>>> print(open('data-v4.cif').read())   # mmCIF, C-alpha atoms and all ligand atoms
data_structure
#
loop_
_atom_site.group_PDB
_atom_site.id
_atom_site.type_symbol
_atom_site.label_atom_id
_atom_site.label_comp_id
_atom_site.auth_asym_id
_atom_site.auth_seq_id
_atom_site.Cartn_x
_atom_site.Cartn_y
_atom_site.Cartn_z
ATOM 1 C CA MET A 105 -6.984 133.365 265.646
ATOM 2 C CA ILE A 106 -4.103 135.663 264.742
ATOM 3 C CA ASP A 107 -2.540 135.848 261.264
ATOM 4 C CA LEU A 108 0.200 138.427 260.747
ATOM 5 C CA HIS A 109 1.435 137.618 257.228
ATOM 6 C CA LEU A 110 -0.893 137.777 254.205
ATOM 7 C CA HIS A 111 -0.738 139.128 250.639
ATOM 8 C CA SER A 112 -3.283 140.977 248.491
ATOM 9 C CA ARG A 113 -3.370 142.157 244.887
ATOM 10 C CA ALA A 114 -1.313 145.165 246.001
ATOM 11 C CA SER A 115 1.597 142.720 245.486
ATOM 12 C CA ASP A 116 1.392 139.037 244.521
ATOM 13 C CA GLY A 117 -1.794 137.959 246.296
ATOM 14 C CA ALA A 118 -4.786 136.848 244.238
ATOM 15 C CA LEU A 119 -7.474 138.742 246.187
ATOM 16 C CA THR A 120 -8.276 142.421 246.632
ATOM 17 C CA PRO A 121 -7.683 143.641 250.207
ATOM 18 C CA THR A 122 -11.470 143.702 250.766
ATOM 19 C CA LYS A 123 -11.955 140.095 249.633
ATOM 20 C CA LEU A 124 -8.879 138.941 251.537
ATOM 21 C CA VAL A 125 -10.113 140.440 254.819
ATOM 22 C CA ALA A 126 -13.600 138.971 254.324
ATOM 23 C CA LEU A 127 -12.113 135.529 253.638
ATOM 24 C CA ALA A 128 -9.850 135.761 256.701
ATOM 25 C CA ALA A 129 -12.772 136.863 258.898
ATOM 26 C CA GLY A 130 -14.688 133.825 257.628
ATOM 27 C CA CYS A 131 -11.699 131.651 258.631
ATOM 28 C CA SER A 132 -12.018 132.931 262.239
ATOM 29 C CA VAL A 133 -9.090 135.346 261.974
ATOM 30 C CA ARG A 134 -9.638 138.084 264.574
ATOM 31 C CA THR A 135 -6.312 139.942 264.209
ATOM 32 C CA LEU A 136 -4.864 140.337 260.735
ATOM 33 C CA ALA A 137 -1.816 142.049 259.255
ATOM 34 C CA LEU A 138 -1.587 142.759 255.528
ATOM 35 C CA THR A 139 2.073 142.402 254.506
ATOM 36 C CA ASP A 140 2.470 142.985 250.784
ATOM 37 C CA HIS A 141 5.915 142.875 249.174
ATOM 38 C CA ASP A 142 7.651 146.287 249.279
ATOM 39 C CA CYS A 143 4.326 148.112 249.124
ATOM 40 C CA THR A 144 1.667 149.566 251.430
ATOM 41 C CA ASP A 145 -0.964 150.414 248.792
ATOM 42 C CA GLY A 146 -3.467 147.823 250.066
ATOM 43 C CA LEU A 147 -3.472 148.961 253.698
ATOM 44 C CA ALA A 148 -6.151 151.655 253.586
ATOM 45 C CA GLU A 149 -8.657 149.381 251.875
ATOM 46 C CA ALA A 150 -7.820 146.447 254.186
ATOM 47 C CA SER A 151 -8.207 148.635 257.255
ATOM 48 C CA LYS A 152 -11.720 149.675 256.192
ATOM 49 C CA ALA A 153 -12.656 146.079 255.437
ATOM 50 C CA ALA A 154 -11.353 144.948 258.828
ATOM 51 C CA GLU A 155 -13.515 147.521 260.549
ATOM 52 C CA ALA A 156 -16.549 146.393 258.545
ATOM 53 C CA ASN A 157 -15.858 142.774 259.546
ATOM 54 C CA GLY A 158 -15.216 143.635 263.209
ATOM 55 C CA ILE A 159 -11.628 142.391 263.254
ATOM 56 C CA ARG A 160 -8.421 144.013 264.425
ATOM 57 C CA PHE A 161 -6.100 145.286 261.696
ATOM 58 C CA ILE A 162 -2.304 145.610 261.915
ATOM 59 C CA PRO A 163 -0.767 147.551 258.994
ATOM 60 C CA GLY A 164 2.269 145.718 257.658
ATOM 61 C CA VAL A 165 4.752 145.281 254.825
ATOM 62 C CA GLU A 166 7.223 142.564 253.726
ATOM 63 C CA ILE A 167 10.522 144.144 252.708
ATOM 64 C CA SER A 168 12.959 142.461 250.291
ATOM 65 C CA VAL A 169 16.481 142.474 251.723
ATOM 66 C CA THR A 170 19.854 141.386 250.408
ATOM 67 C CA TRP A 171 22.204 140.116 253.078
ATOM 68 C CA GLN A 172 25.477 138.343 252.213
ATOM 69 C CA ASN A 173 24.258 137.827 248.627
ATOM 70 C CA ARG A 174 21.079 136.141 249.858
ATOM 71 C CA THR A 175 17.517 137.408 249.738
ATOM 72 C CA LEU A 176 15.781 137.680 253.116
ATOM 73 C CA HIS A 177 12.295 138.966 253.866
ATOM 74 C CA ILE A 178 11.744 141.299 256.797
ATOM 75 C CA VAL A 179 8.150 141.932 257.818
ATOM 76 C CA GLY A 180 7.212 145.249 259.411
ATOM 77 C CA LEU A 181 4.177 145.115 261.716
ATOM 78 C CA GLY A 182 2.261 148.057 263.154
ATOM 79 C CA ILE A 183 3.814 150.541 260.722
ATOM 80 C CA LYS A 184 2.519 154.021 260.013
ATOM 81 C CA ALA A 185 2.407 153.785 256.228
ATOM 82 C CA ASP A 186 2.633 157.497 255.473
ATOM 83 C CA THR A 187 6.100 157.836 257.052
ATOM 84 C CA PRO A 188 8.371 159.503 254.435
ATOM 85 C CA VAL A 189 11.502 157.461 255.288
ATOM 86 C CA LEU A 190 9.560 154.232 254.758
ATOM 87 C CA GLN A 191 7.912 155.364 251.531
ATOM 88 C CA GLU A 192 11.201 156.648 250.084
ATOM 89 C CA GLY A 193 12.804 153.296 250.857
ATOM 90 C CA LEU A 194 9.946 151.319 249.332
ATOM 91 C CA ALA A 195 9.939 153.568 246.237
ATOM 92 C CA GLY A 196 13.547 152.531 245.586
ATOM 93 C CA LEU A 197 12.597 148.855 245.819
ATOM 94 C CA GLN A 198 9.628 149.402 243.505
ATOM 95 C CA THR A 199 11.944 150.906 240.877
ATOM 96 C CA LEU A 200 14.274 147.920 241.259
ATOM 97 C CA ARG A 201 11.307 145.582 240.830
ATOM 98 C CA ASP A 202 10.312 147.157 237.530
ATOM 99 C CA GLU A 203 13.864 147.152 236.169
ATOM 100 C CA ARG A 204 14.267 143.523 237.214
ATOM 101 C CA ALA A 205 10.937 142.537 235.627
ATOM 102 C CA GLN A 206 12.018 144.059 232.298
ATOM 103 C CA GLU A 207 15.306 142.152 232.479
ATOM 104 C CA ILE A 208 13.483 138.902 233.306
ATOM 105 C CA GLY A 209 11.321 139.570 230.254
ATOM 106 C CA ARG A 210 14.409 140.063 228.030
ATOM 107 C CA ARG A 211 16.053 136.893 229.322
ATOM 108 C CA LEU A 212 12.931 134.802 228.793
ATOM 109 C CA ALA A 213 12.580 136.315 225.309
ATOM 110 C CA LYS A 214 16.038 134.929 224.505
ATOM 111 C CA ARG A 215 14.567 131.528 225.366
ATOM 112 C CA GLY A 216 11.759 132.046 222.882
ATOM 113 C CA ILE A 217 9.138 133.263 225.378
ATOM 114 C CA ASP A 218 8.637 136.766 224.112
ATOM 115 C CA ASP A 219 5.505 138.018 225.832
ATOM 116 C CA ALA A 220 6.491 137.355 229.453
ATOM 117 C CA TYR A 221 6.979 140.953 230.595
ATOM 118 C CA ALA A 222 3.698 142.080 229.022
ATOM 119 C CA GLY A 223 1.918 139.057 230.494
ATOM 120 C CA ALA A 224 3.288 139.619 233.999
ATOM 121 C CA ARG A 225 2.500 143.341 233.710
ATOM 122 C CA GLU A 226 -1.111 142.587 232.860
ATOM 123 C CA LEU A 227 -1.505 140.105 235.729
ATOM 124 C CA ALA A 228 0.032 142.586 238.186
ATOM 125 C CA GLY A 229 -2.316 145.402 237.182
ATOM 126 C CA ARG A 230 -1.202 148.509 239.045
ATOM 127 C CA ALA A 231 1.000 146.516 241.433
ATOM 128 C CA GLU A 232 4.742 146.022 241.047
ATOM 129 C CA ILE A 233 5.685 142.815 239.273
ATOM 130 C CA THR A 234 6.880 139.858 241.339
ATOM 131 C CA ARG A 235 8.151 136.477 240.216
ATOM 132 C CA THR A 236 4.733 135.129 241.211
ATOM 133 C CA HIS A 237 3.220 137.092 238.302
ATOM 134 C CA PHE A 238 5.763 135.624 235.885
ATOM 135 C CA ALA A 239 5.056 132.125 237.238
ATOM 136 C CA ARG A 240 1.299 132.547 236.771
ATOM 137 C CA HIS A 241 1.828 133.813 233.236
ATOM 138 C CA LEU A 242 4.232 130.997 232.297
ATOM 139 C CA LEU A 243 1.766 128.448 233.681
ATOM 140 C CA ALA A 244 -1.176 129.991 231.799
ATOM 141 C CA ARG A 245 0.798 129.887 228.532
ATOM 142 C CA GLY A 246 1.737 126.242 228.996
ATOM 143 C CA HIS A 247 5.459 126.852 229.570
ATOM 144 C CA ALA A 248 5.214 125.020 232.910
ATOM 145 C CA HIS A 249 3.099 122.134 234.210
ATOM 146 C CA THR A 250 2.391 123.719 237.593
ATOM 147 C CA PHE A 251 3.024 127.006 239.384
ATOM 148 C CA GLN A 252 5.936 125.396 241.278
ATOM 149 C CA ASP A 253 7.284 124.015 238.012
ATOM 150 C CA ALA A 254 7.493 127.567 236.602
ATOM 151 C CA PHE A 255 9.832 128.521 239.459
ATOM 152 C CA LYS A 256 11.809 125.324 239.062
ATOM 153 C CA ARG A 257 12.312 125.739 235.309
ATOM 154 C CA PHE A 258 12.627 129.488 234.893
ATOM 155 C CA LEU A 259 12.607 131.641 238.016
ATOM 156 C CA ARG A 260 14.769 130.066 240.693
ATOM 157 C CA HIS A 261 18.366 131.009 241.318
ATOM 158 C CA GLY A 262 20.477 129.711 238.410
ATOM 159 C CA LYS A 263 17.542 129.463 235.976
ATOM 160 C CA PRO A 264 17.197 131.538 232.776
ATOM 161 C CA GLY A 265 14.645 133.976 234.200
ATOM 162 C CA HIS A 266 16.452 134.591 237.478
ATOM 163 C CA VAL A 267 17.918 138.077 237.778
ATOM 164 C CA GLN A 268 20.130 138.958 240.718
ATOM 165 C CA VAL A 269 19.046 142.157 242.487
ATOM 166 C CA THR A 270 20.492 144.037 245.423
ATOM 167 C CA TRP A 271 17.440 144.889 247.537
ATOM 168 C CA ALA A 272 17.548 146.900 250.767
ATOM 169 C CA SER A 273 20.197 146.161 253.385
ATOM 170 C CA LEU A 274 19.136 144.453 256.607
ATOM 171 C CA GLU A 275 19.867 147.667 258.520
ATOM 172 C CA GLN A 276 17.844 149.815 256.099
ATOM 173 C CA SER A 277 14.803 147.563 256.320
ATOM 174 C CA ILE A 278 14.842 147.660 260.130
ATOM 175 C CA ASN A 279 15.447 151.410 260.185
ATOM 176 C CA TRP A 280 12.527 152.109 257.838
ATOM 177 C CA ILE A 281 10.234 149.897 259.927
ATOM 178 C CA HIS A 282 11.328 151.507 263.209
ATOM 179 C CA ALA A 283 11.095 155.017 261.743
ATOM 180 C CA SER A 284 7.452 154.275 260.970
ATOM 181 C CA GLY A 285 6.750 152.994 264.500
ATOM 182 C CA GLY A 286 6.682 149.331 263.526
ATOM 183 C CA HIS A 287 8.244 146.087 264.719
ATOM 184 C CA ALA A 288 10.730 144.250 262.500
ATOM 185 C CA VAL A 289 10.139 140.516 262.114
ATOM 186 C CA PHE A 290 12.440 138.016 260.369
ATOM 187 C CA ALA A 291 10.054 136.196 257.999
ATOM 188 C CA HIS A 292 9.821 132.417 257.439
ATOM 189 C CA PRO A 293 13.331 131.594 258.788
ATOM 190 C CA LEU A 294 13.271 127.940 257.725
ATOM 191 C CA ARG A 295 12.266 128.625 254.105
ATOM 192 C CA TYR A 296 15.447 130.150 252.710
ATOM 193 C CA GLY A 297 17.177 126.823 252.257
ATOM 194 C CA MET A 298 20.036 128.112 254.439
ATOM 195 C CA THR A 299 22.251 125.774 256.405
ATOM 196 C CA ARG A 300 21.877 125.934 260.171
ATOM 197 C CA SER A 301 25.088 127.939 260.544
ATOM 198 C CA TRP A 302 24.027 130.515 257.929
ATOM 199 C CA LEU A 303 20.605 130.857 259.532
ATOM 200 C CA VAL A 304 22.188 131.402 262.935
ATOM 201 C CA ARG A 305 24.461 134.063 261.402
ATOM 202 C CA ALA A 306 21.511 135.758 259.715
ATOM 203 C CA LEU A 307 19.465 135.834 262.929
ATOM 204 C CA ALA A 308 22.447 137.158 264.867
ATOM 205 C CA ALA A 309 22.930 139.938 262.281
ATOM 206 C CA PHE A 310 19.209 140.735 262.421
ATOM 207 C CA LYS A 311 19.224 140.961 266.229
ATOM 208 C CA GLU A 312 22.416 143.035 266.150
ATOM 209 C CA ALA A 313 20.800 145.461 263.678
ATOM 210 C CA GLY A 314 17.858 145.970 266.054
ATOM 211 C CA GLY A 315 15.390 143.320 264.855
ATOM 212 C CA ASP A 316 12.446 142.646 267.164
ATOM 213 C CA GLY A 317 10.944 139.289 266.307
ATOM 214 C CA MET A 318 10.831 136.275 264.040
ATOM 215 C CA GLU A 319 8.119 134.091 262.586
ATOM 216 C CA VAL A 320 7.950 130.994 264.749
ATOM 217 C CA ILE A 321 4.890 129.724 262.922
ATOM 218 C CA CYS A 322 4.545 130.280 259.198
ATOM 219 C CA GLY A 323 2.188 128.528 256.847
ATOM 220 C CA ARG A 324 2.002 124.835 257.439
ATOM 221 C CA SER A 325 4.869 124.471 259.925
ATOM 222 C CA ASN A 326 5.119 120.967 261.329
ATOM 223 C CA ARG A 327 5.858 120.370 265.007
ATOM 224 C CA ASP A 328 9.607 119.933 264.508
ATOM 225 C CA GLU A 329 9.896 123.183 262.554
ATOM 226 C CA LEU A 330 7.830 124.979 265.153
ATOM 227 C CA MET A 331 9.977 123.784 268.082
ATOM 228 C CA ASN A 332 13.144 124.513 266.119
ATOM 229 C CA ALA A 333 11.999 128.065 265.368
ATOM 230 C CA ALA A 334 10.793 128.614 268.951
ATOM 231 C CA HIS A 335 14.216 127.563 270.219
ATOM 232 C CA LEU A 336 15.931 130.061 267.881
ATOM 233 C CA ALA A 337 13.584 132.866 268.991
ATOM 234 C CA VAL A 338 14.440 132.244 272.646
ATOM 235 C CA ARG A 339 18.158 131.933 271.868
ATOM 236 C CA PHE A 340 18.269 135.280 270.054
ATOM 237 C CA GLY A 341 15.875 137.124 272.365
ATOM 238 C CA LEU A 342 13.368 137.654 269.559
ATOM 239 C CA ALA A 343 9.603 137.827 270.056
ATOM 240 C CA GLY A 344 7.502 135.353 268.101
ATOM 241 C CA SER A 345 5.125 136.036 265.245
ATOM 242 C CA VAL A 346 2.645 133.810 263.412
ATOM 243 C CA GLY A 347 1.517 134.121 259.806
ATOM 244 C CA SER A 348 0.095 132.009 257.015
ATOM 245 C CA ASP A 349 1.893 133.824 254.145
ATOM 246 C CA PHE A 350 -1.429 133.405 252.340
ATOM 247 C CA HIS A 351 -1.402 134.333 248.630
ATOM 248 C CA THR A 352 -4.331 132.608 246.948
ATOM 249 C CA PRO A 353 -7.518 130.654 247.727
ATOM 250 C CA ASP A 354 -6.516 128.203 244.947
ATOM 251 C CA ASN A 355 -4.446 126.248 247.454
ATOM 252 C CA PRO A 356 -6.930 124.458 249.757
ATOM 253 C CA HIS A 357 -4.127 123.439 252.132
ATOM 254 C CA LEU A 358 -3.167 126.992 252.962
ATOM 255 C CA GLN A 359 -5.922 129.385 253.968
ATOM 256 C CA PRO A 360 -5.794 132.447 256.253
ATOM 257 C CA GLY A 361 -5.534 131.531 259.948
ATOM 258 C CA GLY A 362 -5.574 127.834 260.826
ATOM 259 C CA LEU A 363 -2.216 128.200 262.589
ATOM 260 C CA PRO A 364 -0.972 126.402 265.716
ATOM 261 C CA ALA A 365 -0.528 128.384 268.945
ATOM 262 C CA LEU A 366 2.809 129.999 269.795
ATOM 263 C CA PRO A 367 4.723 127.874 272.369
ATOM 264 C CA ASP A 368 4.681 129.335 275.908
ATOM 265 C CA SER A 369 8.467 129.802 275.840
ATOM 266 C CA VAL A 370 8.133 132.554 273.203
ATOM 267 C CA THR A 371 6.937 136.128 273.862
ATOM 268 C CA PRO A 372 4.210 137.069 271.365
ATOM 269 C CA ILE A 373 5.143 140.081 269.212
ATOM 270 C CA TRP A 374 1.537 141.307 269.409
ATOM 271 C CA ASP A 375 1.966 141.989 273.162
ATOM 272 C CA ARG A 376 4.007 145.010 272.024
ATOM 273 C CA PHE A 377 1.678 146.469 269.425
ATOM 274 C CA GLU A 378 0.027 149.019 271.676
ATOM 275 C CA SER A 379 3.172 149.947 273.588
ATOM 276 C CA ARG A 380 5.181 151.807 270.957
HETATM 277 P P1 LIG A 401 10.028 138.178 244.191
HETATM 278 O O1 LIG A 401 10.015 138.920 245.498
HETATM 279 O O2 LIG A 401 9.438 138.954 243.065
HETATM 280 O O3 LIG A 401 11.353 137.581 243.876
HETATM 281 O O4 LIG A 401 9.004 136.983 244.348
HETATM 282 C C1 LIG A 401 9.057 136.206 245.486
HETATM 283 C C2 LIG A 401 7.701 135.555 245.666
HETATM 284 O O5 LIG A 401 7.576 134.474 244.789
HETATM 285 C C3 LIG A 401 7.572 134.960 247.049
HETATM 286 O O6 LIG A 401 7.033 135.897 247.942
HETATM 287 C C4 LIG A 401 6.620 133.819 246.826
HETATM 288 O O7 LIG A 401 5.291 134.314 246.872
HETATM 289 C C5 LIG A 401 6.934 133.383 245.429
HETATM 290 N N1 LIG A 401 7.864 132.249 245.358
HETATM 291 C C6 LIG A 401 9.202 132.281 245.390
HETATM 292 N N2 LIG A 401 9.723 131.052 245.231
HETATM 293 C C7 LIG A 401 8.678 130.220 245.095
HETATM 294 C C8 LIG A 401 8.547 128.820 244.868
HETATM 295 N N3 LIG A 401 9.595 128.017 244.768
HETATM 296 N N4 LIG A 401 7.301 128.341 244.769
HETATM 297 C C9 LIG A 401 6.226 129.131 244.848
HETATM 298 N N5 LIG A 401 6.285 130.451 245.063
HETATM 299 C C10 LIG A 401 7.486 130.987 245.168
HETATM 300 MN MN MN A 402 4.895 136.408 247.630
HETATM 301 MN MN MN A 403 8.415 136.066 251.956
HETATM 302 MN MN MN A 404 5.039 136.738 252.173
#
>>> encode(input="data-v4.cif", output="structure tokens")
Amino acid sequence: MIDLHLHSRASDGALTPTKLVALAAGCSVRTLALTDHDCTDGLAEASKAAEANGIRFIPGVEISVTWQNRTLHIVGLGIKADTPVLQEGLAGLQTLRDERAQEIGRRLAKRGIDDAYAGARELAGRAEITRTHFARHLLARGHAHTFQDAFKRFLRHGKPGHVQVTWASLEQSINWIHASGGHAVFAHPLRYGMTRSWLVRALAAFKEAGGDGMEVICGRSNRDELMNAAHLAVRFGLAGSVGSDFHTPDNPHLQPGGLPALPDSVTPIWDRFESR
């Protein structure tokens, strides 16, 4: 079983890299990529844990991108984390994350929720703050009924705690990934809520900018989504990747691994890992 998209406490995952790798190994994952948001801090620990569990480790990252006023996520797989160009790029995004988190805190304070920044900061520990941390805090304080409800009420586009940020450009994200020897993968294409024509434009721009692959299977894709994504991968000459986008063991329906096989029409991105 291959799973090339998972999160640890180095960003918005609930588990330490060591616990995440052990859980994945127990779920029959034999090749795993850690892909934290805009951060590679968990990779060294995950790599050690993978060795201890006898599984193959692919160092990764999930980069936040702004394209045409929309947020896209570009996963880098097989990166060399200590590449200066990559780390300088990620450092800029980490600064943006902290500034945004403070602004989210101020906006929620105007709504009478005055401890949100401090709460998210505490949940994040040494990691950069994501909206996931705000959602967990808002849920814990009873401002939302469920984790999803916290996004729906406060954190989604158009809601009081949503702050527009200009992340990296599509070209920058791909350049940083390539500079560090990695492969750039367009993450969860069907989850942005884009119309078909916008998605086609985004994939064309990604391919044009040098993108290598796209996630054909992500999380609990159904058969229609899978065939739809496979068709797009073939159309744009992109290799296929598979990933759970695992964040937390709290959700019994989404664990590491447990993913369907890539359709034969799609070239697996992992065929290229050793070649570059
Ligand atoms: P950020 O990059 O800080 O804006 O946070 C984005 C993260 O929040 C994503 O990677 C997801 O883990 C999570 N997220 C975003 N939207 C939702 C949603 N509607 N429901 C649950 N989690 C979400
Ligand atoms: Mn996340
Ligand atoms: Mn994502
Ligand atoms: Mn993710």
>>> residues_around(input="data-v4.cif", residues="Asn157 (chain A)", least_positions_apart="6", cutoff="8 Å", atoms="only C-alpha atoms", output="list in words")
Val125, Ala126 and Ala129 of chain A
>>> closest_residue(input="data-v4.cif", among="A:Val267, A:Gly246, A:Gly262, A:Ser112", to="Asp202 (chain A)", atoms="all atoms listed in the file")
A:Val267
>>> residues_near_ligand(input="data-v4.cif", ligand="ligand MN 403 (chain A)", cutoff="7 Å", atoms="only C-alpha atoms and all ligand atoms", output="PyMOL selection string")
chain A and resi 166+177+291-292
>>> axis_aligned_box(input="data-v4.cif", around="region 255-273 of chain A", padding_each_side="8 Å", output="JSON")
{"center_x": 15.2, "center_y": 136.1, "center_z": 243.1, "size_x": 26.7, "size_y": 37.6, "size_z": 36.6}
>>> closest_residue(input="data-v4.cif", among="A:Arg376, A:Arg210, A:Ala333, A:Gly315", to="Asn279 (chain A)", atoms="only C-alpha atoms")
A:Gly315
>>> atom_distance(input="data-v4.cif", atom1="CA of Arg160 (chain A)", atom2="CA of Ser115 (chain A)")
21.5 Å
>>> residues_near_ligand(input="data-v4.cif", ligand="ligand LIG 401 (chain A)", cutoff="9 Å", atoms="all atoms listed in the file", output="VMD selection string")
chain A and resid 111 116 to 117 140 to 142 166 to 168 175 177 201 204 to 205 232 to 239 251 to 256 259 to 260 266 to 267 349 to 351
>>> atom_distance(input="data-v4.cif", atom1="CA of Val320 (chain A)", atom2="CA of Val346 (chain A)")
6.2 Å
>>> closest_residue(input="data-v4.cif", among="A:Leu243, A:Ile321, A:Ala128, A:Ala137", to="Val179 (chain A)", atoms="all atoms listed in the file")
A:Ala137
>>> closest_residue(input="data-v4.cif", among="A:Gly341, A:Gly193, A:Gly317, A:Pro360", to="Ala288 (chain A)", atoms="all atoms listed in the file")
A:Gly317
>>> decode(input="data-v4.cif", residues="region 254-280 of chain A", atoms="N, CA and C atoms", output="PDB file, in the first residue's frame")
ATOM      1  N   ALA A 254     -17.163  24.553  12.498  1.00  0.00           N
ATOM      2  CA  ALA A 254     -16.257  25.676  12.776  1.00  0.00           C
ATOM      3  C   ALA A 254     -15.798  26.330  11.478  1.00  0.00           C
ATOM      4  N   PHE A 255     -15.507  25.512  10.463  1.00  0.00           N
ATOM      5  CA  PHE A 255     -15.136  26.060   9.151  1.00  0.00           C
ATOM      6  C   PHE A 255     -16.331  26.784   8.535  1.00  0.00           C
ATOM      7  N   LYS A 256     -17.478  26.144   8.626  1.00  0.00           N
ATOM      8  CA  LYS A 256     -18.684  26.673   7.999  1.00  0.00           C
ATOM      9  C   LYS A 256     -19.079  28.016   8.609  1.00  0.00           C
ATOM     10  N   ARG A 257     -18.952  28.138   9.934  1.00  0.00           N
ATOM     11  CA  ARG A 257     -19.386  29.373  10.592  1.00  0.00           C
ATOM     12  C   ARG A 257     -18.351  30.483  10.563  1.00  0.00           C
ATOM     13  N   PHE A 258     -17.068  30.093  10.697  1.00  0.00           N
ATOM     14  CA  PHE A 258     -16.044  31.114  10.947  1.00  0.00           C
ATOM     15  C   PHE A 258     -14.910  31.179   9.923  1.00  0.00           C
ATOM     16  N   LEU A 259     -14.522  30.054   9.330  1.00  0.00           N
ATOM     17  CA  LEU A 259     -13.202  30.005   8.693  1.00  0.00           C
ATOM     18  C   LEU A 259     -13.218  29.927   7.174  1.00  0.00           C
ATOM     19  N   ARG A 260     -14.381  29.587   6.612  1.00  0.00           N
ATOM     20  CA  ARG A 260     -14.465  29.510   5.160  1.00  0.00           C
ATOM     21  C   ARG A 260     -14.432  30.885   4.536  1.00  0.00           C
ATOM     22  N   HIS A 261     -14.166  30.904   3.233  1.00  0.00           N
ATOM     23  CA  HIS A 261     -14.219  32.122   2.451  1.00  0.00           C
ATOM     24  C   HIS A 261     -15.547  32.846   2.727  1.00  0.00           C
ATOM     25  N   GLY A 262     -15.457  34.153   3.022  1.00  0.00           N
ATOM     26  CA  GLY A 262     -16.668  34.939   3.265  1.00  0.00           C
ATOM     27  C   GLY A 262     -17.131  34.946   4.712  1.00  0.00           C
ATOM     28  N   LYS A 263     -16.487  34.161   5.573  1.00  0.00           N
ATOM     29  CA  LYS A 263     -16.882  34.106   6.988  1.00  0.00           C
ATOM     30  C   LYS A 263     -15.971  35.020   7.807  1.00  0.00           C
ATOM     31  N   PRO A 264     -16.414  35.380   9.041  1.00  0.00           N
ATOM     32  CA  PRO A 264     -15.691  36.417   9.799  1.00  0.00           C
ATOM     33  C   PRO A 264     -14.210  36.111  10.064  1.00  0.00           C
ATOM     34  N   GLY A 265     -13.866  34.851  10.186  1.00  0.00           N
ATOM     35  CA  GLY A 265     -12.459  34.525  10.479  1.00  0.00           C
ATOM     36  C   GLY A 265     -11.663  34.150   9.248  1.00  0.00           C
ATOM     37  N   HIS A 266     -12.193  34.464   8.066  1.00  0.00           N
ATOM     38  CA  HIS A 266     -11.430  34.156   6.848  1.00  0.00           C
ATOM     39  C   HIS A 266     -10.603  35.356   6.433  1.00  0.00           C
ATOM     40  N   VAL A 267      -9.317  35.162   6.281  1.00  0.00           N
ATOM     41  CA  VAL A 267      -8.405  36.241   5.903  1.00  0.00           C
ATOM     42  C   VAL A 267      -7.728  35.852   4.594  1.00  0.00           C
ATOM     43  N   GLN A 268      -7.885  36.703   3.606  1.00  0.00           N
ATOM     44  CA  GLN A 268      -7.304  36.459   2.289  1.00  0.00           C
ATOM     45  C   GLN A 268      -5.784  36.620   2.353  1.00  0.00           C
ATOM     46  N   VAL A 269      -5.059  35.658   1.820  1.00  0.00           N
ATOM     47  CA  VAL A 269      -3.595  35.707   1.819  1.00  0.00           C
ATOM     48  C   VAL A 269      -3.108  35.418   0.413  1.00  0.00           C
ATOM     49  N   THR A 270      -2.024  36.081   0.009  1.00  0.00           N
ATOM     50  CA  THR A 270      -1.386  35.697  -1.241  1.00  0.00           C
ATOM     51  C   THR A 270      -0.208  34.792  -0.913  1.00  0.00           C
ATOM     52  N   TRP A 271      -0.401  33.491  -1.149  1.00  0.00           N
ATOM     53  CA  TRP A 271       0.647  32.497  -0.874  1.00  0.00           C
ATOM     54  C   TRP A 271       1.665  32.525  -2.010  1.00  0.00           C
ATOM     55  N   ALA A 272       2.374  31.453  -2.204  1.00  0.00           N
ATOM     56  CA  ALA A 272       3.355  31.373  -3.301  1.00  0.00           C
ATOM     57  C   ALA A 272       2.627  31.363  -4.639  1.00  0.00           C
ATOM     58  N   SER A 273       3.345  31.720  -5.713  1.00  0.00           N
ATOM     59  CA  SER A 273       2.752  31.554  -7.046  1.00  0.00           C
ATOM     60  C   SER A 273       2.920  30.082  -7.452  1.00  0.00           C
ATOM     61  N   LEU A 274       2.127  29.684  -8.436  1.00  0.00           N
ATOM     62  CA  LEU A 274       2.226  28.314  -8.957  1.00  0.00           C
ATOM     63  C   LEU A 274       3.656  28.032  -9.430  1.00  0.00           C
ATOM     64  N   GLU A 275       4.228  28.996 -10.152  1.00  0.00           N
ATOM     65  CA  GLU A 275       5.581  28.824 -10.692  1.00  0.00           C
ATOM     66  C   GLU A 275       6.596  28.687  -9.573  1.00  0.00           C
ATOM     67  N   GLN A 276       6.476  29.558  -8.534  1.00  0.00           N
ATOM     68  CA  GLN A 276       7.417  29.466  -7.408  1.00  0.00           C
ATOM     69  C   GLN A 276       7.367  28.089  -6.765  1.00  0.00           C
ATOM     70  N   SER A 277       6.148  27.615  -6.496  1.00  0.00           N
ATOM     71  CA  SER A 277       6.039  26.331  -5.786  1.00  0.00           C
ATOM     72  C   SER A 277       6.729  25.226  -6.583  1.00  0.00           C
ATOM     73  N   ILE A 278       6.510  25.217  -7.889  1.00  0.00           N
ATOM     74  CA  ILE A 278       7.115  24.170  -8.736  1.00  0.00           C
ATOM     75  C   ILE A 278       8.630  24.351  -8.788  1.00  0.00           C
ATOM     76  N   ASN A 279       9.070  25.602  -8.885  1.00  0.00           N
ATOM     77  CA  ASN A 279      10.517  25.851  -8.927  1.00  0.00           C
ATOM     78  C   ASN A 279      11.211  25.412  -7.642  1.00  0.00           C
ATOM     79  N   TRP A 280      10.598  25.706  -6.497  1.00  0.00           N
ATOM     80  CA  TRP A 280      11.213  25.298  -5.222  1.00  0.00           C
ATOM     81  C   TRP A 280      11.293  23.776  -5.141  1.00  0.00           C
TER      82      TRP A 280
END
